[in-house]
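Coordinates as given in protein-v7.tsv (TSV, C-alpha atoms):
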```tsv
chain	number	residue	atom	x	y	z
A	18	MET	CA	1.33	147.57	44.86
A	19	GLU	CA	-0.81	144.93	43.14
A	20	THR	CA	-2.74	147.67	41.30
A	21	LEU	CA	0.55	149.09	40.02
A	22	LEU	CA	1.74	145.63	38.91
A	23	ALA	CA	-1.58	144.95	37.20
A	24	THR	CA	-1.35	148.33	35.42
A	25	LEU	CA	2.17	147.53	34.23
A	26	HIS	CA	0.93	144.14	33.05
A	27	VAL	CA	-1.99	145.68	31.12
A	28	ALA	CA	0.18	148.49	29.70
A	29	GLY	CA	2.86	145.98	28.64
A	30	TRP	CA	0.35	143.78	26.81
A	31	ALA	CA	-1.33	146.85	25.31
A	32	VAL	CA	1.91	148.27	23.90
A	33	TYR	CA	2.88	144.84	22.57
A	34	VAL	CA	-0.42	143.71	21.02
A	35	GLY	CA	-1.51	147.18	19.89
A	36	GLY	CA	1.92	147.74	18.36
A	37	ALA	CA	1.73	144.45	16.44
A	38	VAL	CA	-1.78	145.29	15.15
A	39	THR	CA	-0.67	148.80	14.11
A	40	MET	CA	2.42	147.54	12.30
A	41	GLU	CA	0.29	145.03	10.36
A	42	TRP	CA	-2.83	147.11	9.77
A	43	VAL	CA	-1.37	150.63	9.41
A	44	LEU	CA	2.26	150.40	8.28
A	45	ARG	CA	1.75	147.57	5.80
A	46	TYR	CA	-1.19	149.47	4.25
A	47	ALA	CA	0.86	152.69	3.92
A	48	GLN	CA	3.76	150.76	2.37
A	49	ARG	CA	1.63	149.68	-0.60
A	50	THR	CA	1.64	153.23	-1.98
A	51	MET	CA	5.37	153.81	-1.49
A	52	PRO	CA	8.22	153.22	-3.95
A	53	PRO	CA	10.16	150.01	-3.03
A	54	SER	CA	13.37	151.88	-2.15
A	55	GLN	CA	11.54	154.05	0.38
A	56	THR	CA	9.58	151.08	1.71
A	57	ALA	CA	12.92	149.47	2.58
A	58	VAL	CA	14.13	152.63	4.38
A	59	VAL	CA	10.88	153.01	6.37
A	60	CYS	CA	10.89	149.27	7.22
A	61	LYS	CA	14.46	149.47	8.45
A	62	HIS	CA	13.79	152.49	10.69
A	63	ALA	CA	10.38	151.33	11.96
A	64	GLY	CA	11.64	147.76	12.49
A	65	SER	CA	14.72	148.77	14.44
A	66	ARG	CA	12.66	150.90	16.85
A	67	TYR	CA	9.71	148.52	17.07
A	68	ARG	CA	11.78	145.47	18.06
A	69	TRP	CA	13.10	147.23	21.20
A	70	PHE	CA	9.68	148.58	22.14
A	71	ALA	CA	8.14	145.12	21.67
A	72	LEU	CA	10.93	143.33	23.58
A	73	GLY	CA	10.69	145.86	26.44
A	74	ALA	CA	6.89	145.55	26.60
A	75	LEU	CA	7.06	141.75	26.54
A	76	ALA	CA	9.70	141.71	29.30
A	77	VAL	CA	7.52	144.03	31.46
A	78	THR	CA	4.52	141.77	30.81
A	79	GLY	CA	6.45	138.64	31.79
A	80	LEU	CA	7.97	140.11	34.96
A	81	SER	CA	4.76	141.78	36.19
A	82	GLY	CA	2.82	138.59	35.38
A	83	LEU	CA	5.28	136.54	37.43
A	84	PHE	CA	4.99	138.91	40.42
A	85	LEU	CA	1.19	138.88	40.13
A	86	LEU	CA	1.30	135.07	40.12
A	87	PHE	CA	3.40	135.01	43.30
A	88	ALA	CA	0.98	137.48	44.91
A	89	LEU	CA	-2.01	135.17	44.27
A	90	ASP	CA	-3.43	133.37	47.28
A	91	GLN	CA	-6.09	130.69	47.60
A	92	ASP	CA	-8.44	132.90	49.69
A	93	ASP	CA	-8.41	135.57	46.96
A	94	LEU	CA	-9.02	132.94	44.27
A	95	ALA	CA	-11.84	131.33	46.25
A	96	SER	CA	-13.72	134.66	46.34
A	97	ARG	CA	-13.60	134.99	42.53
A	98	PHE	CA	-16.10	133.95	39.87
A	99	SER	CA	-16.23	130.10	39.66
A	100	SER	CA	-13.73	129.82	42.62
A	101	PRO	CA	-10.68	128.76	40.58
A	102	GLU	CA	-7.65	126.94	41.98
A	103	LEU	CA	-3.98	127.38	41.24
A	104	SER	CA	-3.46	123.80	40.14
A	105	LEU	CA	-3.05	121.91	36.87
A	106	ALA	CA	-6.17	119.94	37.82
A	107	ASP	CA	-8.17	123.18	37.44
A	108	PRO	CA	-8.84	125.12	34.18
A	109	TYR	CA	-7.39	128.27	35.83
A	110	GLY	CA	-4.00	126.65	36.42
A	111	ARG	CA	-3.91	125.05	32.95
A	112	THR	CA	-4.80	128.37	31.28
A	113	LEU	CA	-2.06	130.13	33.25
A	114	LEU	CA	0.41	127.47	32.08
A	115	LEU	CA	-0.72	127.98	28.45
A	116	LEU	CA	-0.27	131.74	28.87
A	117	GLY	CA	3.29	131.10	30.04
A	118	VAL	CA	3.93	128.93	26.97
A	119	ALA	CA	2.46	131.63	24.69
A	120	TRP	CA	4.76	134.19	26.33
A	121	LEU	CA	7.78	131.95	25.71
A	122	ILE	CA	6.80	131.50	22.03
A	123	LEU	CA	6.40	135.26	21.62
A	124	PHE	CA	9.74	135.91	23.31
A	125	ALA	CA	11.45	133.39	21.00
A	126	VAL	CA	9.82	134.84	17.85
A	127	LEU	CA	10.60	138.41	18.88
A	128	SER	CA	14.21	137.61	19.81
A	129	SER	CA	14.72	135.92	16.45
A	130	MET	CA	13.28	139.02	14.75
A	131	ALA	CA	15.43	141.42	16.76
A	132	PHE	CA	18.75	139.58	16.60
A	133	TRP	CA	18.57	137.50	13.42
A	134	LEU	CA	15.81	138.37	10.92
A	135	HIS	CA	16.03	142.16	11.11
A	136	PRO	CA	19.85	142.34	10.73
A	137	ALA	CA	19.61	139.75	7.89
A	138	GLN	CA	17.50	142.19	5.87
A	139	ALA	CA	20.42	144.58	5.46
A	140	ARG	CA	21.89	144.23	1.97
A	141	ARG	CA	25.64	143.85	1.85
A	142	SER	CA	26.49	144.56	-1.80
A	143	ARG	CA	30.00	145.74	-2.61
A	144	PRO	CA	31.30	147.17	-5.89
A	145	GLU	CA	33.74	144.27	-6.38
A	146	MET	CA	30.95	141.66	-6.21
A	147	SER	CA	30.19	139.65	-9.33
A	148	ARG	CA	26.72	139.62	-10.92
A	149	GLU	CA	26.03	136.14	-9.47
A	150	GLU	CA	27.07	137.27	-6.00
A	151	ILE	CA	24.80	140.34	-6.22
A	152	GLN	CA	21.93	138.12	-7.40
A	153	SER	CA	22.44	135.64	-4.56
A	154	GLU	CA	22.63	138.56	-2.08
A	155	ARG	CA	19.29	139.85	-3.39
A	156	GLU	CA	17.76	136.39	-3.02
A	157	ARG	CA	19.11	136.11	0.52
A	158	VAL	CA	17.54	139.47	1.47
A	159	GLY	CA	14.26	138.41	-0.21
A	160	ARG	CA	14.21	135.22	1.88
A	161	ALA	CA	14.92	137.24	5.05
A	162	ILE	CA	12.00	139.59	4.26
A	163	LYS	CA	9.65	136.61	3.74
A	164	ARG	CA	10.76	135.01	7.02
A	165	MET	CA	10.21	138.35	8.76
A	166	GLU	CA	6.66	138.52	7.40
A	167	TRP	CA	5.96	135.01	8.71
A	168	ALA	CA	7.42	135.93	12.09
A	169	LEU	CA	5.29	139.11	12.27
A	170	ARG	CA	2.09	137.21	11.46
A	171	THR	CA	2.89	134.41	13.92
A	172	GLU	CA	3.57	137.03	16.58
A	173	LEU	CA	0.26	138.80	15.86
A	174	VAL	CA	-1.82	135.59	15.98
A	175	VAL	CA	-0.16	134.24	19.16
A	176	SER	CA	-0.44	137.60	20.95
A	177	VAL	CA	-4.14	138.01	20.09
A	178	LEU	CA	-4.79	134.43	21.29
A	179	ALA	CA	-2.83	135.14	24.48
A	180	VAL	CA	-5.11	138.12	25.23
A	181	GLY	CA	-8.05	135.69	24.90
A	182	LEU	CA	-6.43	133.31	27.39
A	183	GLY	CA	-5.80	136.21	29.77
A	184	ALA	CA	-9.38	137.44	29.44
A	185	SER	CA	-10.70	133.95	30.20
A	186	LEU	CA	-8.98	134.05	33.61
A	187	HIS	CA	-11.75	136.43	34.75
A	188	ALA	CA	-14.13	133.50	34.29
A	189	GLY	CA	-11.88	130.82	35.81
A	190	GLY	CA	-9.85	129.83	32.73
A	191	LEU	CA	-10.55	128.26	29.37
A	192	PHE	CA	-9.13	124.70	29.24
B	19	MET	CA	-13.87	124.52	28.54
B	20	PRO	CA	-16.85	126.46	29.95
B	21	THR	CA	-20.14	124.88	28.92
B	22	ASP	CA	-22.68	127.60	29.75
B	23	LEU	CA	-23.44	130.65	27.64
B	24	ASP	CA	-23.17	132.97	30.64
B	25	THR	CA	-19.48	132.18	31.20
B	26	TRP	CA	-18.74	132.44	27.48
B	27	LEU	CA	-20.36	135.89	27.36
B	28	HIS	CA	-18.24	136.89	30.37
B	29	ILE	CA	-15.08	135.80	28.51
B	30	ILE	CA	-16.05	137.34	25.16
B	31	TYR	CA	-16.88	140.75	26.68
B	32	ALA	CA	-13.61	140.75	28.64
B	33	TYR	CA	-11.64	139.69	25.54
B	34	LEU	CA	-13.10	142.36	23.26
B	35	HIS	CA	-12.67	144.99	25.98
B	36	ASP	CA	-9.00	144.06	26.56
B	37	ILE	CA	-8.20	143.89	22.84
B	38	SER	CA	-9.78	147.32	22.21
B	39	ILE	CA	-7.77	148.91	25.02
B	40	ALA	CA	-4.61	147.25	23.72
B	41	VAL	CA	-5.23	148.51	20.19
B	42	TYR	CA	-5.89	152.05	21.45
B	43	ILE	CA	-2.85	152.32	23.77
B	44	GLY	CA	-0.42	150.23	21.71
B	45	GLY	CA	-1.51	151.89	18.48
B	46	ALA	CA	-0.91	155.36	19.91
B	47	VAL	CA	2.55	154.31	21.18
B	48	ALA	CA	3.46	152.76	17.80
B	49	MET	CA	2.22	155.82	15.87
B	50	GLU	CA	4.05	158.26	18.13
B	51	PHE	CA	7.32	156.45	18.80
B	52	VAL	CA	7.76	154.07	15.83
B	53	LEU	CA	5.96	155.27	12.69
B	54	GLY	CA	6.44	159.01	13.39
B	55	PRO	CA	10.26	158.84	13.57
B	56	ALA	CA	10.33	156.39	10.60
B	57	GLN	CA	8.50	159.00	8.53
B	58	GLY	CA	11.43	161.36	9.04
B	59	SER	CA	13.74	158.97	7.19
B	60	ILE	CA	12.17	159.57	3.74
B	61	PRO	CA	11.83	162.73	1.61
B	62	PRO	CA	9.26	165.30	2.93
B	63	ALA	CA	6.78	164.92	0.03
B	64	GLN	CA	6.66	161.12	0.46
B	65	ALA	CA	6.61	161.51	4.25
B	66	GLN	CA	3.48	163.66	3.93
B	67	VAL	CA	1.74	160.99	1.82
B	68	MET	CA	2.79	158.30	4.30
B	69	GLY	CA	1.59	160.46	7.22
B	70	GLN	CA	-1.84	160.90	5.63
B	71	LYS	CA	-2.21	157.20	4.83
B	72	THR	CA	-1.14	156.03	8.29
B	73	ALA	CA	-3.26	158.66	10.08
B	74	ASP	CA	-6.36	157.83	8.00
B	75	ARG	CA	-6.00	154.15	8.76
B	76	PHE	CA	-5.15	154.73	12.41
B	77	LEU	CA	-8.27	156.87	12.91
B	78	TRP	CA	-10.36	153.82	11.92
B	79	LEU	CA	-8.60	151.84	14.65
B	80	VAL	CA	-9.13	154.67	17.16
B	81	TRP	CA	-12.88	155.02	16.55
B	82	GLY	CA	-13.37	151.26	16.33
B	83	SER	CA	-11.61	150.64	19.64
B	84	LEU	CA	-13.29	153.59	21.43
B	85	SER	CA	-16.70	152.25	20.34
B	86	LEU	CA	-15.89	148.67	21.36
B	87	ILE	CA	-14.51	149.83	24.73
B	88	ILE	CA	-17.76	151.55	25.75
B	89	VAL	CA	-20.08	148.86	24.34
B	90	THR	CA	-18.20	145.99	26.03
B	91	ALA	CA	-17.86	148.01	29.27
B	92	PHE	CA	-21.65	148.46	29.31
B	93	PHE	CA	-22.30	144.76	28.71
B	94	ARG	CA	-19.73	143.70	31.30
B	95	LEU	CA	-21.30	145.94	33.95
B	96	GLN	CA	-24.76	144.68	32.98
B	97	HIS	CA	-23.53	141.09	33.14
B	98	MET	CA	-22.09	141.70	36.61
B	99	GLY	CA	-25.45	143.12	37.73
B	100	TYR	CA	-24.37	146.75	38.12
B	101	ILE	CA	-26.71	148.06	35.40
B	102	THR	CA	-30.47	147.58	35.50
B	103	SER	CA	-33.44	148.51	33.32
B	104	ASP	CA	-35.10	150.66	36.05
B	105	TRP	CA	-34.29	154.27	37.02
B	106	PRO	CA	-31.51	155.32	37.82
B	107	PHE	CA	-30.35	152.37	35.65
B	108	PHE	CA	-27.51	151.35	37.96
B	109	GLU	CA	-27.16	149.56	41.29
B	110	SER	CA	-25.75	151.10	44.49
B	111	GLY	CA	-22.27	149.70	43.68
B	112	LEU	CA	-21.95	152.32	40.95
B	113	ALA	CA	-23.01	155.23	43.22
B	114	LEU	CA	-20.54	158.08	43.68
B	115	SER	CA	-20.37	157.30	47.40
B	116	GLU	CA	-18.55	154.03	46.59
B	117	ASP	CA	-14.88	153.77	45.50
B	118	TYR	CA	-15.91	151.38	42.73
B	119	GLY	CA	-18.58	153.76	41.43
B	120	ARG	CA	-16.31	156.83	41.52
B	121	THR	CA	-13.61	154.93	39.63
B	122	ILE	CA	-16.08	153.73	36.98
B	123	TRP	CA	-17.58	157.21	36.46
B	124	THR	CA	-14.10	158.79	36.25
B	125	MET	CA	-13.18	156.21	33.60
B	126	PHE	CA	-16.35	157.11	31.70
B	127	ALA	CA	-15.57	160.85	31.92
B	128	LEU	CA	-12.03	160.25	30.63
B	129	TRP	CA	-13.41	158.08	27.81
B	130	CYS	CA	-15.61	161.10	26.86
B	131	VAL	CA	-12.46	163.29	26.82
B	132	LEU	CA	-10.79	160.79	24.45
B	133	CYS	CA	-13.86	160.93	22.18
B	134	VAL	CA	-13.87	164.76	22.15
B	135	ASN	CA	-10.14	164.79	21.34
B	136	GLY	CA	-10.71	162.19	18.61
B	137	ALA	CA	-13.50	164.29	17.13
B	138	ILE	CA	-11.31	167.43	17.15
B	139	MET	CA	-8.57	165.54	15.31
B	140	THR	CA	-10.89	163.81	12.83
B	141	PHE	CA	-13.25	166.64	11.94
B	142	TYR	CA	-11.19	169.79	12.52
B	143	LEU	CA	-7.42	169.23	12.46
B	144	ARG	CA	-7.15	166.42	9.86
B	145	PRO	CA	-9.10	168.29	7.14
B	146	ARG	CA	-6.82	171.31	7.73
B	147	LEU	CA	-3.78	169.11	7.31
B	148	ALA	CA	-5.11	167.55	4.11
B	149	GLY	CA	-6.35	170.84	2.55
B	150	ARG	CA	-5.12	171.37	-1.03
B	151	LEU	CA	-4.24	174.70	-2.63
B	152	LYS	CA	-6.32	175.97	-5.54
B	153	ALA	CA	-4.73	177.11	-8.79
B	154	GLY	CA	-3.80	180.79	-8.69
B	155	THR	CA	-3.14	180.95	-4.94
B	156	THR	CA	-0.82	183.83	-4.09
B	157	SER	CA	2.51	183.24	-2.35
B	158	ALA	CA	1.04	184.84	0.80
B	159	GLY	CA	-1.82	182.33	0.57
B	160	VAL	CA	0.62	179.42	0.19
B	161	GLN	CA	2.58	180.60	3.21
B	162	ALA	CA	-0.59	181.05	5.29
B	163	SER	CA	-1.77	177.55	4.31
B	164	GLN	CA	1.60	176.00	5.24
B	165	GLN	CA	1.54	177.85	8.56
B	166	ALA	CA	-1.96	176.52	9.27
B	167	LYS	CA	-0.85	172.97	8.37
B	168	MET	CA	2.18	173.17	10.67
B	169	GLU	CA	-0.02	174.50	13.47
B	170	ALA	CA	-2.54	171.66	12.92
B	171	ALA	CA	0.28	169.05	12.92
B	172	LYS	CA	1.60	170.46	16.21
B	173	TRP	CA	-1.84	170.27	17.81
B	174	ILE	CA	-2.34	166.69	16.58
B	175	GLU	CA	0.96	165.73	18.21
B	176	ARG	CA	0.02	167.42	21.50
B	177	ILE	CA	-3.45	165.85	21.59
B	178	THR	CA	-2.08	162.37	20.71
B	179	ARG	CA	0.38	162.57	23.61
B	180	ALA	CA	-2.32	163.79	26.01
B	181	ASP	CA	-4.59	160.94	24.84
B	182	LEU	CA	-1.83	158.44	25.53
B	183	VAL	CA	-1.39	159.68	29.11
B	184	ILE	CA	-5.17	159.65	29.66
B	185	ALA	CA	-5.49	156.12	28.22
B	186	VAL	CA	-2.72	154.77	30.48
B	187	PHE	CA	-4.43	156.44	33.48
B	188	ILE	CA	-7.71	154.77	32.47
B	189	ALA	CA	-5.84	151.44	32.35
B	190	LEU	CA	-4.57	152.12	35.89
B	191	LEU	CA	-8.13	152.83	37.07
B	192	GLY	CA	-9.38	149.71	35.28
B	193	ALA	CA	-6.69	147.55	36.89
B	194	SER	CA	-7.66	148.93	40.33
B	195	LEU	CA	-11.30	147.78	39.94
B	196	LYS	CA	-10.31	144.24	40.88
B	197	TRP	CA	-9.41	145.59	44.33
B	198	GLY	CA	-12.50	147.79	44.62
B	199	GLY	CA	-11.39	150.94	42.76
B	200	LEU	CA	-8.80	153.66	43.25
B	201	LEU	CA	-10.65	156.97	43.85
```
Full structure transcribed into structure tokens:
Amino acid sequence: METLLATLHVAGWAVYVGGAVTMEWVLRYAQRTMPPSQTAVVCKHAGSRYRWFALGALAVTGLSGLFLLFALDQDDLASRFSSPELSLADPYGRTLLLLGVAWLILFAVLSSMAFWLHPAQARRSRPEMSREEIQSERERVGRAIKRMEWALRTELVVSVLAVGLGASLHAGGLF
Amino acid sequence: MPTDLDTWLHIIYAYLHDISIAVYIGGAVAMEFVLGPAQGSIPPAQAQVMGQKTADRFLWLVWGSLSLIIVTAFFRLQHMGYITSDWPFFESGLALSEDYGRTIWTMFALWCVLCVNGAIMTFYLRPRLAGRLKAGTTSAGVQASQQAKMEAAKWIERITRADLVIAVFIALLGASLKWGGLL
């Protein structure tokens, strides 16, 4: 059971972090050679699928991580490298707490992308709109795209750091 | 914070190993289930250009992560005392009579399968997909070339999906090592 939970945890992180790296390193690179109108179409389609994949993967990671935490016992911990303890007085406990905080940040960033930033990128121009209204609509969409880029980069940095925190648990934690 | 180099090495190897696996599995999922369908939303000529660009870039990620996975796996095993400098170069814990050893060797065999599949895609199928027609090609030649491209694209899709299943199985085996191995 624990092996299955650990596999789900690893697979969840892998889909999430690997997806974020691929979106930044592969999709953004391919977009540079595309006409702006098609970039917008590809972004819309890729973004609307990616947000659900990422949210699902993050939810799986959080749930499996929580179950793995409940399954931890002191005897098991004592037999590990550097004999860590599940307490805030020990680096292992503090690193686990930081991982939880990183997960919450990622969940907040991703939720804002899924339910606010991504829908805000849709342009709502109508034929009866004045030139000023069209211009302000364009500016609004431009701001939404910039915010989305910031959110994507924040997500990438926090997720890569979180993998580092997770990896440090093998050696008894980092802080 | 850890103060000795030994612990830092332990963390760095684990970190690079985990990141490489994440990039391999997550990248394959994103390519297959996010970028692939998004490609279908633009005109075919542009979709082909996008497909080539994304695949070229993704292959760098694939080979980079496959290389890092094996290098960091070697160093981690060496660091844990499973690999030595004397024949047969590994300790009894990695023998096939042990669950841990069988699991590790199965992971290594599956990693070799991923490398072979990667090589087939990089050196055989991708060049077929990118092949350009010469001036004066007959209509039969054009049709044959398109047929070959479609066939190559189908095989790339099949191999990518198989690789994804294999990589997730490797992750399962890797996760089981903490409890002594699965096989």
Counting all atoms listed in the file, collect the residues of chain A whose closest atom lies at most 9 Å from chain B, and write them out as a PyMOL selection string.
chain A and resi 19-25+27-40+42-44+46-48+50-51+55+58-67+70+108+177+180-192
Between CA of Leu86 in chain B and CA of Gly136 in chain B, distance in Å (one decimal):
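The value is 14.7 Å.
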Using all atoms listed in the file, which protein or nucleic acid residues come within 12 Å of Gly111 in chain B? Drop anything in the same chain fewer than 2 positions from it, and give the result as a list in words.
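Contacts, with the query itself left out: Leu95, Met98, Gly99, Tyr100, Ile101, Thr102, Phe107, Phe108, Glu109, Ala113, Leu114, Ser115, Glu116, Asp117, Tyr118, Gly119, Arg120, Thr121, Ile122, Trp123, Leu195, Gly198 and Gly199 of chain B.
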How would the residues just chosen look if you wrote them out with C-alpha atoms as a compact mmCIF listing (two decimals), in the frame of the given file?
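Now in result.txt:
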```
# COMPACT_ATOMS: atom_id res chain seq x y z
CA LEU B 95 -21.30 145.94 33.95
CA MET B 98 -22.09 141.70 36.61
CA GLY B 99 -25.45 143.12 37.73
CA TYR B 100 -24.37 146.75 38.12
CA ILE B 101 -26.71 148.06 35.40
CA THR B 102 -30.47 147.58 35.50
CA PHE B 107 -30.35 152.37 35.65
CA PHE B 108 -27.51 151.35 37.96
CA GLU B 109 -27.16 149.56 41.29
CA ALA B 113 -23.01 155.23 43.22
CA LEU B 114 -20.54 158.08 43.68
CA SER B 115 -20.37 157.30 47.40
CA GLU B 116 -18.55 154.03 46.59
CA ASP B 117 -14.88 153.77 45.50
CA TYR B 118 -15.91 151.38 42.73
CA GLY B 119 -18.58 153.76 41.43
CA ARG B 120 -16.31 156.83 41.52
CA THR B 121 -13.61 154.93 39.63
CA ILE B 122 -16.08 153.73 36.98
CA TRP B 123 -17.58 157.21 36.46
CA LEU B 195 -11.30 147.78 39.94
CA GLY B 198 -12.50 147.79 44.62
CA GLY B 199 -11.39 150.94 42.76
```
Computed interatomic separation between CA of Ala63 in chain B and CA of Leu169 in chain A (Å):
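These atoms are spaced 28.6 Å apart.
The two atoms in question, CA of Glu172 in chain A and CA of Pro52 in chain A, are spaced 26.6 Å apart.
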Taking a cut-off of 8 Å and counting all atoms listed in the file, can you build a table that, for each residue of range 54-104 of chain A near range 127-131 of chain A, reports the nearest atom pair and how far apart they are in Å (one decimal), sorted by chain then residue number, as a tab-separated table?
```
residue	atom	partner	partner_atom	distance
A:Ser65	CA	A:Ala131	CA	7.7
A:Arg68	CA	A:Ala131	CA	5.6
A:Trp69	CA	A:Ala131	CA	7.7
A:Ala71	CA	A:Leu127	CA	7.7
A:Leu72	CA	A:Leu127	CA	6.8
```
What would the list of residues within 8 Å of (-2.5, 127.2, 46.0) (file frame) look like as a PyMOL selection string, if all atoms listed in the file are what count?
chain A and resi 90-91+102-104
Could you name the residues that touch Ile174 in chain B at 10 Å or less, counting all atoms listed in the file, but leaving out those on the same chain fewer than 5 positions away, as a ChimeraX atom specification?
/B:135-136,138-140,143-144,147,168-169,179-180
Centre and edge lengths, as lines of an AutoDock Vina configuration file, for the axis-aligned box enclosing every listed atom of range 61-79 of chain B with 6 Å of padding on each of the six sides, in Å to one decimal?
```
center_x = 0.7
center_y = 158.6
center_z = 7.3
size_x = 34.2
size_y = 25.5
size_z = 26.6
```
Would you mind completing range 76-83 of chain A so that it carries all heavy atoms, and writing it out as a PDB file, in the frame of the given file?
```
ATOM      1  N   ALA A  76       8.961 141.976  28.054  1.00  0.00           N
ATOM      2  CA  ALA A  76       9.700 141.710  29.300  1.00  0.00           C
ATOM      3  C   ALA A  76       8.907 142.236  30.495  1.00  0.00           C
ATOM      4  O   ALA A  76       8.785 141.537  31.520  1.00  0.00           O
ATOM      5  CB  ALA A  76      11.072 142.383  29.235  1.00  0.00           C
ATOM      6  N   VAL A  77       8.336 143.452  30.376  1.00  0.00           N
ATOM      7  CA  VAL A  77       7.520 144.030  31.460  1.00  0.00           C
ATOM      8  C   VAL A  77       6.321 143.124  31.742  1.00  0.00           C
ATOM      9  O   VAL A  77       5.996 142.836  32.897  1.00  0.00           O
ATOM     10  CB  VAL A  77       7.050 145.463  31.077  1.00  0.00           C
ATOM     11  CG1 VAL A  77       5.956 145.947  32.016  1.00  0.00           C
ATOM     12  CG2 VAL A  77       8.229 146.428  31.098  1.00  0.00           C
ATOM     13  N   THR A  78       5.691 142.649  30.669  1.00  0.00           N
ATOM     14  CA  THR A  78       4.520 141.770  30.810  1.00  0.00           C
ATOM     15  C   THR A  78       4.903 140.488  31.560  1.00  0.00           C
ATOM     16  O   THR A  78       4.194 140.069  32.488  1.00  0.00           O
ATOM     17  CB  THR A  78       3.987 141.386  29.412  1.00  0.00           C
ATOM     18  OG1 THR A  78       3.730 142.579  28.710  1.00  0.00           O
ATOM     19  CG2 THR A  78       2.729 140.583  29.503  1.00  0.00           C
ATOM     20  N   GLY A  79       6.011 139.891  31.171  1.00  0.00           N
ATOM     21  CA  GLY A  79       6.450 138.640  31.790  1.00  0.00           C
ATOM     22  C   GLY A  79       6.771 138.825  33.265  1.00  0.00           C
ATOM     23  O   GLY A  79       6.302 138.062  34.121  1.00  0.00           O
ATOM     24  N   LEU A  80       7.557 139.881  33.571  1.00  0.00           N
ATOM     25  CA  LEU A  80       7.970 140.110  34.960  1.00  0.00           C
ATOM     26  C   LEU A  80       6.776 140.440  35.852  1.00  0.00           C
ATOM     27  O   LEU A  80       6.625 139.873  36.930  1.00  0.00           O
ATOM     28  CB  LEU A  80       8.991 141.258  35.017  1.00  0.00           C
ATOM     29  CG  LEU A  80      10.423 140.887  34.632  1.00  0.00           C
ATOM     30  CD1 LEU A  80      11.312 142.118  34.609  1.00  0.00           C
ATOM     31  CD2 LEU A  80      10.985 139.875  35.632  1.00  0.00           C
ATOM     32  N   SER A  81       5.920 141.382  35.359  1.00  0.00           N
ATOM     33  CA  SER A  81       4.760 141.780  36.190  1.00  0.00           C
ATOM     34  C   SER A  81       3.804 140.584  36.349  1.00  0.00           C
ATOM     35  O   SER A  81       3.227 140.408  37.419  1.00  0.00           O
ATOM     36  CB  SER A  81       4.047 142.983  35.595  1.00  0.00           C
ATOM     37  OG  SER A  81       3.698 142.725  34.262  1.00  0.00           O
ATOM     38  N   GLY A  82       3.686 139.769  35.300  1.00  0.00           N
ATOM     39  CA  GLY A  82       2.820 138.590  35.380  1.00  0.00           C
ATOM     40  C   GLY A  82       3.335 137.606  36.418  1.00  0.00           C
ATOM     41  O   GLY A  82       2.555 137.042  37.189  1.00  0.00           O
ATOM     42  N   LEU A  83       4.667 137.457  36.463  1.00  0.00           N
ATOM     43  CA  LEU A  83       5.280 136.540  37.430  1.00  0.00           C
ATOM     44  C   LEU A  83       5.039 137.030  38.866  1.00  0.00           C
ATOM     45  O   LEU A  83       4.657 136.248  39.750  1.00  0.00           O
ATOM     46  CB  LEU A  83       6.782 136.473  37.138  1.00  0.00           C
ATOM     47  CG  LEU A  83       7.476 135.135  37.317  1.00  0.00           C
ATOM     48  CD1 LEU A  83       6.794 134.036  36.520  1.00  0.00           C
ATOM     49  CD2 LEU A  83       8.934 135.238  36.939  1.00  0.00           C
TER      50      LEU A  83
END
```
